[in-house]
$ cat upload.cif   # mmCIF, C-alpha atoms
data_target
#
loop_
_atom_site.group_PDB
_atom_site.id
_atom_site.type_symbol
_atom_site.label_atom_id
_atom_site.label_comp_id
_atom_site.auth_asym_id
_atom_site.auth_seq_id
_atom_site.Cartn_x
_atom_site.Cartn_y
_atom_site.Cartn_z
ATOM 1 C CA MET X 599 -60.398 -3.981 -15.568
ATOM 2 C CA LEU X 600 -60.502 -5.959 -12.369
ATOM 3 C CA VAL X 601 -57.587 -8.346 -11.916
ATOM 4 C CA THR X 602 -58.259 -11.423 -9.825
ATOM 5 C CA THR X 603 -55.842 -13.980 -8.462
ATOM 6 C CA TYR X 604 -56.574 -17.541 -9.450
ATOM 7 C CA THR X 605 -55.075 -20.913 -8.806
ATOM 8 C CA ALA X 606 -55.036 -23.096 -11.881
ATOM 9 C CA THR X 607 -54.646 -26.756 -11.015
ATOM 10 C CA VAL X 608 -53.109 -28.684 -13.893
ATOM 11 C CA THR X 609 -53.345 -32.467 -13.632
ATOM 12 C CA VAL X 610 -51.098 -34.410 -15.985
ATOM 13 C CA ARG X 611 -51.602 -38.153 -16.381
ATOM 14 C CA PRO X 612 -50.491 -40.891 -18.770
ATOM 15 C CA LYS X 613 -52.722 -41.203 -21.804
ATOM 16 C CA GLN X 614 -55.125 -44.117 -21.919
ATOM 17 C CA GLY X 615 -53.203 -47.055 -23.285
ATOM 18 C CA VAL X 616 -49.755 -45.652 -22.519
ATOM 19 C CA LEU X 617 -47.788 -47.876 -20.170
ATOM 20 C CA ASP X 618 -47.351 -46.461 -16.655
ATOM 21 C CA PRO X 619 -44.690 -48.720 -15.127
ATOM 22 C CA GLU X 620 -44.377 -46.562 -12.003
ATOM 23 C CA ALA X 621 -48.082 -46.963 -11.228
ATOM 24 C CA ASP X 622 -47.861 -50.714 -11.896
ATOM 25 C CA THR X 623 -44.916 -51.006 -9.514
ATOM 26 C CA THR X 624 -46.691 -48.960 -6.845
ATOM 27 C CA ARG X 625 -49.750 -51.154 -7.185
ATOM 28 C CA ARG X 626 -47.660 -54.293 -6.729
ATOM 29 C CA ALA X 627 -45.994 -52.786 -3.664
ATOM 30 C CA LEU X 628 -49.396 -52.026 -2.126
ATOM 31 C CA GLU X 629 -50.490 -55.594 -2.809
ATOM 32 C CA ARG X 630 -47.322 -56.849 -1.155
ATOM 33 C CA LEU X 631 -48.300 -54.832 1.911
ATOM 34 C CA GLY X 632 -51.556 -56.785 1.996
ATOM 35 C CA PHE X 633 -53.893 -54.199 0.485
ATOM 36 C CA GLU X 634 -56.632 -55.222 -1.901
ATOM 37 C CA LEU X 635 -57.131 -52.925 -4.862
ATOM 38 C CA GLN X 636 -58.528 -53.163 -8.367
ATOM 39 C CA GLY X 637 -56.425 -50.500 -10.023
ATOM 40 C CA LEU X 638 -54.066 -47.599 -9.491
ATOM 41 C CA ARG X 639 -53.343 -44.618 -11.676
ATOM 42 C CA SER X 640 -50.757 -41.936 -11.034
ATOM 43 C CA ALA X 641 -50.802 -38.282 -12.041
ATOM 44 C CA ASP X 642 -48.770 -35.146 -11.497
ATOM 45 C CA ARG X 643 -50.543 -32.087 -10.158
ATOM 46 C CA PHE X 644 -49.280 -28.532 -10.615
ATOM 47 C CA GLU X 645 -50.886 -25.619 -8.770
ATOM 48 C CA VAL X 646 -50.201 -22.391 -10.615
ATOM 49 C CA ASP X 647 -51.072 -19.066 -8.988
ATOM 50 C CA LEU X 648 -51.749 -16.373 -11.542
ATOM 51 C CA GLU X 649 -53.441 -13.026 -11.980
ATOM 52 C CA ALA X 650 -55.878 -12.692 -14.834
ATOM 53 C CA ASP X 651 -58.869 -10.633 -15.964
ATOM 54 C CA SER X 652 -61.194 -13.611 -15.880
ATOM 55 C CA ALA X 653 -61.312 -17.291 -15.036
ATOM 56 C CA ALA X 654 -61.373 -18.015 -18.775
ATOM 57 C CA ALA X 655 -58.174 -16.042 -19.318
ATOM 58 C CA ALA X 656 -56.525 -17.846 -16.405
ATOM 59 C CA ARG X 657 -57.583 -21.181 -17.874
ATOM 60 C CA ASP X 658 -56.244 -20.260 -21.318
ATOM 61 C CA ARG X 659 -52.857 -19.389 -19.876
ATOM 62 C CA ALA X 660 -52.684 -22.585 -17.821
ATOM 63 C CA ASP X 661 -53.734 -24.575 -20.895
ATOM 64 C CA GLU X 662 -50.834 -23.107 -22.819
ATOM 65 C CA MET X 663 -48.442 -23.907 -19.955
ATOM 66 C CA ALA X 664 -49.593 -27.513 -20.098
ATOM 67 C CA GLU X 665 -49.268 -27.637 -23.891
ATOM 68 C CA ARG X 666 -45.809 -26.128 -23.947
ATOM 69 C CA LEU X 667 -44.156 -27.636 -20.890
ATOM 70 C CA LEU X 668 -46.105 -29.324 -18.117
ATOM 71 C CA ALA X 669 -47.445 -32.183 -20.267
ATOM 72 C CA ASN X 670 -45.910 -34.068 -23.156
ATOM 73 C CA PRO X 671 -48.728 -34.621 -25.662
ATOM 74 C CA THR X 672 -47.143 -37.851 -26.906
ATOM 75 C CA VAL X 673 -47.694 -39.621 -23.601
ATOM 76 C CA HIS X 674 -49.929 -37.380 -21.480
ATOM 77 C CA ASP X 675 -53.451 -36.060 -21.178
ATOM 78 C CA TYR X 676 -54.056 -33.121 -18.911
ATOM 79 C CA GLU X 677 -56.912 -31.209 -17.383
ATOM 80 C CA VAL X 678 -57.092 -27.714 -15.943
ATOM 81 C CA ALA X 679 -59.328 -26.524 -13.112
ATOM 82 C CA VAL X 680 -59.397 -22.842 -12.152
ATOM 83 C CA ALA X 681 -60.489 -21.419 -8.813
ATOM 84 C CA GLU X 682 -60.336 -17.922 -7.329
ATOM 85 C CA ARG X 683 -57.847 -17.698 -4.521
ATOM 86 C CA MET B 1425 -14.698 -26.283 -38.397
ATOM 87 C CA VAL B 1426 -15.897 -27.320 -35.003
ATOM 88 C CA VAL B 1427 -18.500 -29.605 -33.491
ATOM 89 C CA ALA B 1428 -20.207 -28.131 -30.436
ATOM 90 C CA VAL B 1429 -20.960 -30.522 -27.594
ATOM 91 C CA VAL B 1430 -23.642 -28.578 -25.762
ATOM 92 C CA GLN B 1431 -23.265 -28.767 -22.013
ATOM 93 C CA PHE B 1432 -26.273 -28.200 -19.781
ATOM 94 C CA GLY B 1433 -26.255 -28.246 -15.989
ATOM 95 C CA GLY B 1434 -26.197 -31.974 -15.254
ATOM 96 C CA SER B 1435 -24.759 -33.139 -18.578
ATOM 97 C CA ASN B 1436 -22.091 -35.726 -17.807
ATOM 98 C CA CYS B 1437 -21.060 -37.318 -21.109
ATOM 99 C CA ASP B 1438 -19.837 -34.095 -22.695
ATOM 100 C CA ARG B 1439 -16.123 -34.755 -22.043
ATOM 101 C CA ASP B 1440 -16.465 -38.340 -23.272
ATOM 102 C CA ALA B 1441 -18.098 -37.072 -26.449
ATOM 103 C CA VAL B 1442 -15.301 -34.569 -27.115
ATOM 104 C CA ARG B 1443 -12.660 -37.249 -26.501
ATOM 105 C CA ALA B 1444 -14.404 -39.793 -28.734
ATOM 106 C CA LEU B 1445 -14.938 -37.243 -31.516
ATOM 107 C CA SER B 1446 -11.240 -36.321 -31.337
ATOM 108 C CA HIS B 1447 -10.421 -40.004 -31.682
ATOM 109 C CA VAL B 1448 -12.252 -40.161 -35.015
ATOM 110 C CA GLY B 1449 -10.518 -36.981 -36.149
ATOM 111 C CA VAL B 1450 -13.295 -34.486 -35.440
ATOM 112 C CA ASP B 1451 -12.459 -31.142 -33.882
ATOM 113 C CA ALA B 1452 -14.952 -30.797 -31.040
ATOM 114 C CA GLU B 1453 -15.368 -28.553 -28.046
ATOM 115 C CA ARG B 1454 -17.678 -28.269 -25.112
ATOM 116 C CA VAL B 1455 -20.019 -25.301 -25.310
ATOM 117 C CA TRP B 1456 -21.921 -24.082 -22.267
ATOM 118 C CA HIS B 1457 -25.550 -23.774 -23.347
ATOM 119 C CA ALA B 1458 -25.941 -20.185 -22.154
ATOM 120 C CA ASP B 1459 -22.986 -19.085 -24.331
ATOM 121 C CA GLY B 1460 -24.799 -20.178 -27.489
ATOM 122 C CA LEU B 1461 -23.390 -22.036 -30.467
ATOM 123 C CA PRO B 1462 -20.160 -20.818 -32.090
ATOM 124 C CA ASP B 1463 -20.683 -18.959 -35.379
ATOM 125 C CA ASP B 1464 -18.747 -21.520 -37.416
ATOM 126 C CA VAL B 1465 -20.446 -24.578 -35.932
ATOM 127 C CA ASP B 1466 -20.248 -27.657 -38.168
ATOM 128 C CA GLY B 1467 -22.116 -30.067 -35.983
ATOM 129 C CA VAL B 1468 -23.925 -30.321 -32.669
ATOM 130 C CA VAL B 1469 -23.896 -33.114 -30.115
ATOM 131 C CA LEU B 1470 -26.468 -33.104 -27.325
ATOM 132 C CA PRO B 1471 -24.641 -35.297 -24.811
ATOM 133 C CA GLY B 1472 -25.862 -37.744 -22.216
ATOM 134 C CA GLY B 1473 -26.352 -37.008 -18.569
ATOM 135 C CA PHE B 1474 -29.125 -35.841 -16.294
ATOM 136 C CA SER B 1475 -29.717 -32.270 -17.348
ATOM 137 C CA TYR B 1476 -31.584 -30.300 -14.695
ATOM 138 C CA GLY B 1477 -31.821 -33.447 -12.603
ATOM 139 C CA ASP B 1478 -34.431 -34.879 -14.980
ATOM 140 C CA TYR B 1479 -36.921 -32.497 -13.332
ATOM 141 C CA LEU B 1480 -40.442 -32.732 -14.727
ATOM 142 C CA ARG B 1481 -39.359 -35.225 -17.416
ATOM 143 C CA ALA B 1482 -35.919 -36.232 -18.663
ATOM 144 C CA GLY B 1483 -34.757 -33.519 -21.056
ATOM 145 C CA ALA B 1484 -37.787 -31.271 -20.541
ATOM 146 C CA MET B 1485 -35.911 -28.307 -19.095
ATOM 147 C CA ALA B 1486 -32.892 -28.391 -21.417
ATOM 148 C CA ALA B 1487 -35.246 -28.668 -24.407
ATOM 149 C CA ARG B 1488 -36.654 -25.228 -23.547
ATOM 150 C CA ALA B 1489 -33.250 -23.539 -23.134
ATOM 151 C CA PRO B 1490 -32.680 -20.727 -25.671
ATOM 152 C CA VAL B 1491 -29.721 -22.575 -27.235
ATOM 153 C CA MET B 1492 -32.198 -25.096 -28.626
ATOM 154 C CA ASP B 1493 -33.615 -22.401 -30.941
ATOM 155 C CA GLU B 1494 -30.102 -22.102 -32.356
ATOM 156 C CA VAL B 1495 -29.839 -25.894 -32.649
ATOM 157 C CA ARG B 1496 -33.145 -25.964 -34.564
ATOM 158 C CA ALA B 1497 -31.891 -23.216 -36.866
ATOM 159 C CA VAL B 1498 -28.573 -24.899 -37.742
ATOM 160 C CA ALA B 1499 -30.308 -28.268 -38.168
ATOM 161 C CA ALA B 1500 -32.631 -26.654 -40.703
ATOM 162 C CA ASP B 1501 -29.479 -25.540 -42.556
ATOM 163 C CA GLY B 1502 -28.308 -29.149 -42.739
ATOM 164 C CA VAL B 1503 -25.754 -29.091 -39.918
ATOM 165 C CA PRO B 1504 -25.692 -32.590 -38.372
ATOM 166 C CA VAL B 1505 -27.171 -32.822 -34.883
ATOM 167 C CA LEU B 1506 -26.833 -35.973 -32.768
ATOM 168 C CA GLY B 1507 -28.626 -36.486 -29.457
ATOM 169 C CA VAL B 1508 -27.286 -39.248 -27.241
ATOM 170 C CA CYS B 1509 -29.225 -40.652 -24.266
ATOM 171 C CA ASN B 1510 -30.253 -37.535 -22.313
ATOM 172 C CA GLY B 1511 -29.517 -35.668 -25.538
ATOM 173 C CA ALA B 1512 -32.025 -37.931 -27.288
ATOM 174 C CA GLN B 1513 -34.594 -37.108 -24.623
ATOM 175 C CA VAL B 1514 -33.813 -33.402 -25.091
ATOM 176 C CA GLY B 1515 -34.230 -33.798 -28.863
ATOM 177 C CA CYS B 1516 -37.666 -35.371 -28.451
ATOM 178 C CA GLU B 1517 -38.769 -32.824 -25.885
ATOM 179 C CA ALA B 1518 -37.582 -30.014 -28.163
ATOM 180 C CA GLY B 1519 -39.629 -31.401 -31.037
ATOM 181 C CA LEU B 1520 -36.570 -32.090 -33.223
ATOM 182 C CA VAL B 1521 -37.687 -35.712 -33.267
ATOM 183 C CA PRO B 1522 -41.228 -37.079 -32.876
ATOM 184 C CA GLY B 1523 -42.253 -39.268 -29.963
ATOM 185 C CA ALA B 1524 -41.014 -39.385 -26.394
ATOM 186 C CA PHE B 1525 -38.661 -41.395 -24.219
ATOM 187 C CA ALA B 1526 -40.622 -42.572 -21.194
ATOM 188 C CA THR B 1527 -39.785 -44.599 -18.087
ATOM 189 C CA ASN B 1528 -38.372 -48.041 -18.919
ATOM 190 C CA ALA B 1529 -41.105 -50.677 -19.002
ATOM 191 C CA GLY B 1530 -39.311 -52.641 -16.275
ATOM 192 C CA VAL B 1531 -38.872 -49.431 -14.227
ATOM 193 C CA ARG B 1532 -35.223 -50.314 -13.540
ATOM 194 C CA PHE B 1533 -32.318 -48.168 -14.664
ATOM 195 C CA ARG B 1534 -30.541 -50.281 -17.300
ATOM 196 C CA CYS B 1535 -26.763 -49.986 -17.496
ATOM 197 C CA GLU B 1536 -25.321 -52.682 -19.740
ATOM 198 C CA ARG B 1537 -24.121 -53.507 -23.215
ATOM 199 C CA VAL B 1538 -26.819 -54.160 -25.781
ATOM 200 C CA HIS B 1539 -26.972 -54.965 -29.457
ATOM 201 C CA VAL B 1540 -28.603 -52.764 -32.028
ATOM 202 C CA ARG B 1541 -29.244 -53.443 -35.685
ATOM 203 C CA VAL B 1542 -28.505 -50.811 -38.299
ATOM 204 C CA GLU B 1543 -31.839 -50.400 -40.088
ATOM 205 C CA ARG B 1544 -30.556 -48.216 -42.893
ATOM 206 C CA ALA B 1545 -27.058 -47.305 -43.942
ATOM 207 C CA ASP B 1546 -27.797 -44.322 -46.163
ATOM 208 C CA THR B 1547 -27.729 -41.654 -43.456
ATOM 209 C CA PRO B 1548 -24.712 -39.635 -42.290
ATOM 210 C CA PHE B 1549 -24.942 -41.389 -38.921
ATOM 211 C CA THR B 1550 -24.939 -44.925 -40.295
ATOM 212 C CA SER B 1551 -23.032 -44.798 -43.568
ATOM 213 C CA ALA B 1552 -19.986 -46.378 -41.886
ATOM 214 C CA TYR B 1553 -21.987 -49.621 -41.561
ATOM 215 C CA GLU B 1554 -23.808 -52.097 -43.753
ATOM 216 C CA GLU B 1555 -27.582 -52.249 -43.450
ATOM 217 C CA GLY B 1556 -28.373 -55.075 -41.035
ATOM 218 C CA ALA B 1557 -25.039 -54.775 -39.217
ATOM 219 C CA VAL B 1558 -25.188 -55.549 -35.501
ATOM 220 C CA LEU B 1559 -23.420 -53.123 -33.164
ATOM 221 C CA GLU B 1560 -22.581 -53.629 -29.514
ATOM 222 C CA LEU B 1561 -23.186 -50.388 -27.634
ATOM 223 C CA PRO B 1562 -23.632 -49.509 -23.964
ATOM 224 C CA ILE B 1563 -26.869 -48.118 -22.583
ATOM 225 C CA ALA B 1564 -27.353 -46.360 -19.260
ATOM 226 C CA HIS B 1565 -30.833 -44.972 -18.789
ATOM 227 C CA GLY B 1566 -34.009 -45.124 -16.751
ATOM 228 C CA GLU B 1567 -36.181 -43.354 -19.294
ATOM 229 C CA GLY B 1568 -35.466 -44.869 -22.673
ATOM 230 C CA ARG B 1569 -38.770 -46.449 -23.678
ATOM 231 C CA PHE B 1570 -39.552 -44.931 -27.035
ATOM 232 C CA GLU B 1571 -43.219 -44.031 -27.263
ATOM 233 C CA ALA B 1572 -45.117 -42.599 -30.183
ATOM 234 C CA GLY B 1573 -48.796 -42.606 -31.026
ATOM 235 C CA ALA B 1574 -49.924 -45.276 -33.510
ATOM 236 C CA GLU B 1575 -50.248 -42.739 -36.307
ATOM 237 C CA THR B 1576 -46.869 -41.120 -35.622
ATOM 238 C CA TYR B 1577 -45.163 -44.492 -35.355
ATOM 239 C CA SER B 1578 -46.520 -45.774 -38.655
ATOM 240 C CA ARG B 1579 -45.474 -42.517 -40.302
ATOM 241 C CA LEU B 1580 -41.957 -43.013 -38.892
ATOM 242 C CA VAL B 1581 -41.844 -46.536 -40.287
ATOM 243 C CA ASP B 1582 -43.301 -45.487 -43.647
ATOM 244 C CA ASP B 1583 -40.725 -42.703 -43.908
ATOM 245 C CA ASP B 1584 -37.962 -45.151 -42.944
ATOM 246 C CA ARG B 1585 -36.768 -42.981 -40.092
ATOM 247 C CA VAL B 1586 -35.855 -45.723 -37.620
ATOM 248 C CA ILE B 1587 -32.078 -46.130 -37.897
ATOM 249 C CA PHE B 1588 -31.342 -48.470 -34.943
ATOM 250 C CA ARG B 1589 -33.410 -51.206 -33.320
ATOM 251 C CA TYR B 1590 -32.515 -53.270 -30.263
ATOM 252 C CA CYS B 1591 -31.775 -56.842 -31.293
ATOM 253 C CA ASP B 1592 -30.158 -60.113 -30.259
ATOM 254 C CA ALA B 1593 -26.453 -60.708 -30.895
ATOM 255 C CA ASP B 1594 -27.407 -62.351 -34.189
ATOM 256 C CA GLY B 1595 -29.452 -59.351 -35.297
ATOM 257 C CA THR B 1596 -32.935 -60.692 -34.579
ATOM 258 C CA VAL B 1597 -35.329 -57.968 -33.481
ATOM 259 C CA GLY B 1598 -38.002 -59.104 -31.050
ATOM 260 C CA ALA B 1599 -37.042 -60.503 -27.694
ATOM 261 C CA ALA B 1600 -34.216 -58.056 -26.970
ATOM 262 C CA ASN B 1601 -35.746 -54.797 -25.843
ATOM 263 C CA PRO B 1602 -34.125 -53.444 -22.679
ATOM 264 C CA ASN B 1603 -36.678 -50.707 -22.037
ATOM 265 C CA GLY B 1604 -39.874 -51.778 -23.813
ATOM 266 C CA SER B 1605 -39.492 -49.313 -26.693
ATOM 267 C CA ARG B 1606 -42.186 -49.310 -29.327
ATOM 268 C CA GLY B 1607 -40.926 -51.289 -32.300
ATOM 269 C CA ALA B 1608 -37.669 -51.841 -30.353
ATOM 270 C CA VAL B 1609 -36.619 -48.385 -31.569
ATOM 271 C CA ALA B 1610 -33.182 -47.420 -30.243
ATOM 272 C CA GLY B 1611 -32.501 -44.501 -32.560
ATOM 273 C CA LEU B 1612 -34.282 -42.480 -35.215
ATOM 274 C CA LEU B 1613 -33.955 -39.561 -37.566
ATOM 275 C CA GLY B 1614 -35.501 -36.204 -36.803
ATOM 276 C CA ASP B 1615 -37.880 -34.157 -38.885
ATOM 277 C CA GLU B 1616 -34.733 -32.772 -40.513
ATOM 278 C CA PRO B 1617 -32.674 -35.624 -41.989
ATOM 279 C CA SER B 1618 -29.561 -34.002 -40.508
ATOM 280 C CA VAL B 1619 -30.854 -34.817 -37.011
ATOM 281 C CA ALA B 1620 -30.631 -38.192 -35.283
ATOM 282 C CA VAL B 1621 -31.088 -39.339 -31.701
ATOM 283 C CA LEU B 1622 -30.312 -42.629 -29.996
ATOM 284 C CA MET B 1623 -30.401 -43.947 -26.442
ATOM 285 C CA PRO B 1624 -27.193 -46.062 -26.608
ATOM 286 C CA HIS B 1625 -23.853 -44.300 -26.155
ATOM 287 C CA PRO B 1626 -21.626 -44.344 -29.248
ATOM 288 C CA GLU B 1627 -19.053 -42.152 -27.456
ATOM 289 C CA ARG B 1628 -18.576 -44.918 -24.888
ATOM 290 C CA ALA B 1629 -17.948 -47.423 -27.656
ATOM 291 C CA THR B 1630 -15.344 -45.527 -29.640
ATOM 292 C CA LEU B 1631 -11.992 -45.650 -27.844
ATOM 293 C CA PRO B 1632 -10.613 -49.107 -28.726
ATOM 294 C CA ARG B 1633 -9.225 -50.115 -25.347
ATOM 295 C CA LEU B 1634 -12.476 -49.376 -23.568
ATOM 296 C CA SER B 1635 -15.062 -50.961 -25.763
ATOM 297 C CA SER B 1636 -16.194 -52.703 -28.897
ATOM 298 C CA GLY B 1637 -15.301 -49.623 -30.924
ATOM 299 C CA ASP B 1638 -18.628 -50.111 -32.691
ATOM 300 C CA GLY B 1639 -19.850 -46.586 -31.953
ATOM 301 C CA ALA B 1640 -17.072 -44.799 -33.837
ATOM 302 C CA GLY B 1641 -18.935 -45.015 -37.151
ATOM 303 C CA ILE B 1642 -21.846 -43.015 -35.761
ATOM 304 C CA LEU B 1643 -19.551 -40.177 -34.714
ATOM 305 C CA ARG B 1644 -17.907 -40.207 -38.147
ATOM 306 C CA ALA B 1645 -21.062 -38.426 -39.351
ATOM 307 C CA PHE B 1646 -19.230 -35.318 -38.191
ATOM 308 C CA ALA B 1647 -16.043 -36.100 -40.101
ATOM 309 C CA ARG B 1648 -17.618 -35.386 -43.464
#
$ encode --input "upload.cif" --output "structure tokens"
Amino acid sequence: MLVTTYTATVTVRPKQGVLDPEADTTRRALERLGFELQGLRSADRFEVDLEADSAAAARDRADEMAERLLANPTVHDYEVAVAER
Amino acid sequence: MVVAVVQFGGSNCDRDAVRALSHVGVDAERVWHADGLPDDVDGVVLPGGFSYGDYLRAGAMAARAPVMDEVRAVAADGVPVLGVCNGAQVGCEAGLVPGAFATNAGVRFRCERVHVRVERADTPFTSAYEEGAVLELPIAHGEGRFEAGAETYSRLVDDDRVIFRYCDADGTVGAANPNGSRGAVAGLLGDEPSVAVLMPHPERATLPRLSSGDGAGILRAFAR
């Protein structure tokens, strides 16, 4: 079976409704610098290089990484995007 | 008969915990996480500190260390397990306790003395106190805001698993909440009733010349 190298990009962000004090503080700092903005959200992005038989298999593995470590389901949502390298 | 104070890279309250446990008559020793728990372990303390530099999230790395499988196993056998500060974050991340400790609502690191109210006195960790007693304990954390989903939180309340709430000096819960915790939760029981975590530091409030001494009763859970 052909093995392909993928990059799975895992984006982890605070759940809707969960306080994000770091984003709030960053927003205030931008406003202090004179910028106008209506909102600011922060997220962590992980780029995971992996070899897999298919994009679906790569996505499944990255999903499990997010479930088990990269995100904390109590406070985070995450999304996974897979691309061939 | 020994209580293991599990030391991870970046733990920094492990010596204090051993000293405070000794003060209340508990034989305790520091155990490097990679060495595993001693066979005759009678209790486990997950101490405060900044394990693995708080990488990813506070406690996230230590929670996935193999020793935590052993901690889960002994907790299931009824061995008392107490997570303090970073140890509380490790306990949440390891799934011993529901919820999460997130960045303080005010973003600042809070290092001060606070009051907590004992919400129930019928647990090993609180039986030295009366229900409703007000303790003065130090906190020192940047990520102590207890978060739980609405469903999880109401289950915690229904099951009476909150053991400490932040409060005023007179015991009123409401305005005093140093980190914005949901329900002013400062400490709670785990899924196993032998497990408890709290953000304040009982080991820093045990030796009489250093502190209120109010934390000693929590550590006496290990004296039974």
$ atom_distance --input "upload.cif" --atom1 "CA of Gln614 in chain X" --atom2 "CA of Ala1608 in chain B"
20.9 Å
$ closest_atom_pairs --input "upload.cif" --of "chain X" --to "chain B" --cutoff "7 Å" --atoms "all atoms listed in the file" --output "JSON lines"
{"residue": "X:Pro619", "atom": "CA", "partner": "B:Ala1529", "partner_atom": "CA", "distance": 5.6}
{"residue": "X:Glu620", "atom": "CA", "partner": "B:Val1531", "partner_atom": "CA", "distance": 6.6}
{"residue": "X:Thr672", "atom": "CA", "partner": "B:Gly1523", "partner_atom": "CA", "distance": 5.9}
$ write_last_selection --input "upload.cif" --atoms "C-alpha atoms" --output "compact mmCIF listing (two decimals), in the frame of the given file"
# COMPACT_ATOMS: atom_id res chain seq x y z
CA PRO X 619 -44.69 -48.72 -15.13
CA GLU X 620 -44.38 -46.56 -12.00
CA THR X 672 -47.14 -37.85 -26.91
$ axis_aligned_box --input "upload.cif" --around "range 668-678 of chain X" --padding-each-side "8 Å" --output "AutoDock Vina command-line options"
--center_x -51.5 --center_y -33.7 --center_z -21.4 --size_x 27.2 --size_y 27.9 --size_z 27.0
$ closest_residue --input "upload.cif" --among "B:Val1542, B:Val1621, B:Leu1643, B:Val1514" --to "Glu1554 in chain B" --atoms "all atoms listed in the file"
B:Val1542
$ residues_near_point --input "upload.cif" --point "(-30.0, -24.7, -30.5)" --cutoff "10 Å" --atoms "all atoms listed in the file" --output "list in words"
Val1430, His1457, Gly1460, Leu1461, Val1468, Leu1470, Ala1487, Arg1488, Ala1489, Pro1490, Val1491, Met1492, Asp1493, Glu1494, Val1495, Arg1496, Ala1497, Val1498, Ala1499, Val1505 and Ala1518 of chain B
$ atom_distance --input "upload.cif" --atom1 "CA of Ala1610 in chain B" --atom2 "CA of Arg1648 in chain B"
23.7 Å
$ atom_distance --input "upload.cif" --atom1 "CA of Arg1541 in chain B" --atom2 "CA of Gly615 in chain X"
27.7 Å
$ residues_around --input "upload.cif" --residues "Val1455 in chain B" --least-positions-apart "4" --cutoff "6 Å" --atoms "all atoms listed in the file" --output "list of chain:residue names"
B:Ala1428, B:Val1429, B:Val1430, B:Gln1431
$ closest_residue --input "upload.cif" --among "X:Thr609, X:Val601, X:Ala655, X:Ala621" --to "Val678 in chain X" --atoms "all atoms listed in the file"
X:Thr609
$ resolve_selection --input "upload.cif" --expression "the PyMOL selection byres ((chain X and resi 604) around 12)" --output "compact mmCIF listing (two decimals) with C-alpha atoms, keeping the file's coordinate frame"
# COMPACT_ATOMS: atom_id res chain seq x y z
CA VAL X 601 -57.59 -8.35 -11.92
CA THR X 602 -58.26 -11.42 -9.82
CA THR X 603 -55.84 -13.98 -8.46
CA THR X 605 -55.08 -20.91 -8.81
CA ALA X 606 -55.04 -23.10 -11.88
CA THR X 607 -54.65 -26.76 -11.02
CA GLU X 645 -50.89 -25.62 -8.77
CA VAL X 646 -50.20 -22.39 -10.62
CA ASP X 647 -51.07 -19.07 -8.99
CA LEU X 648 -51.75 -16.37 -11.54
CA GLU X 649 -53.44 -13.03 -11.98
CA ALA X 650 -55.88 -12.69 -14.83
CA ASP X 651 -58.87 -10.63 -15.96
CA SER X 652 -61.19 -13.61 -15.88
CA ALA X 653 -61.31 -17.29 -15.04
CA ALA X 654 -61.37 -18.02 -18.77
CA ALA X 655 -58.17 -16.04 -19.32
CA ALA X 656 -56.52 -17.85 -16.40
CA ARG X 657 -57.58 -21.18 -17.87
CA ARG X 659 -52.86 -19.39 -19.88
CA ALA X 660 -52.68 -22.58 -17.82
CA ALA X 679 -59.33 -26.52 -13.11
CA VAL X 680 -59.40 -22.84 -12.15
CA ALA X 681 -60.49 -21.42 -8.81
CA GLU X 682 -60.34 -17.92 -7.33
CA ARG X 683 -57.85 -17.70 -4.52
$ resolve_selection --input "upload.cif" --expression "the PyMOL selection byres ((chain X and resi 612) around 7)" --output "PyMOL selection string"
chain X and resi 611+613-614+616+618+673-675
$ write_last_selection --input "upload.cif" --atoms "C-alpha atoms" --output "short mmCIF file (atom, residue, chain, number, x, y, z; two decimals), in the frame of the given file"
data_model
loop_
_atom_site.label_atom_id
_atom_site.label_comp_id
_atom_site.auth_asym_id
_atom_site.auth_seq_id
_atom_site.Cartn_x
_atom_site.Cartn_y
_atom_site.Cartn_z
CA ARG X 611 -51.60 -38.15 -16.38
CA LYS X 613 -52.72 -41.20 -21.80
CA GLN X 614 -55.12 -44.12 -21.92
CA VAL X 616 -49.76 -45.65 -22.52
CA ASP X 618 -47.35 -46.46 -16.66
CA VAL X 673 -47.69 -39.62 -23.60
CA HIS X 674 -49.93 -37.38 -21.48
CA ASP X 675 -53.45 -36.06 -21.18
#
$ residues_near_point --input "upload.cif" --point "(-29.7, -37.0, -22.0)" --cutoff "9 Å" --atoms "all atoms listed in the file" --output "PyMOL selection string"
chain B and resi 1435-1437+1470-1475+1478+1482-1483+1507-1515+1565+1623
$ write_last_selection --input "upload.cif" --atoms "C-alpha atoms" --output "CSV table (one decimal), keeping the file's coordinate frame"
chain,number,residue,atom,x,y,z
B,1435,SER,CA,-24.8,-33.1,-18.6
B,1436,ASN,CA,-22.1,-35.7,-17.8
B,1437,CYS,CA,-21.1,-37.3,-21.1
B,1470,LEU,CA,-26.5,-33.1,-27.3
B,1471,PRO,CA,-24.6,-35.3,-24.8
B,1472,GLY,CA,-25.9,-37.7,-22.2
B,1473,GLY,CA,-26.4,-37.0,-18.6
B,1474,PHE,CA,-29.1,-35.8,-16.3
B,1475,SER,CA,-29.7,-32.3,-17.3
B,1478,ASP,CA,-34.4,-34.9,-15.0
B,1482,ALA,CA,-35.9,-36.2,-18.7
B,1483,GLY,CA,-34.8,-33.5,-21.1
B,1507,GLY,CA,-28.6,-36.5,-29.5
B,1508,VAL,CA,-27.3,-39.2,-27.2
B,1509,CYS,CA,-29.2,-40.7,-24.3
B,1510,ASN,CA,-30.3,-37.5,-22.3
B,1511,GLY,CA,-29.5,-35.7,-25.5
B,1512,ALA,CA,-32.0,-37.9,-27.3
B,1513,GLN,CA,-34.6,-37.1,-24.6
B,1514,VAL,CA,-33.8,-33.4,-25.1
B,1515,GLY,CA,-34.2,-33.8,-28.9
B,1565,HIS,CA,-30.8,-45.0,-18.8
B,1623,MET,CA,-30.4,-43.9,-26.4
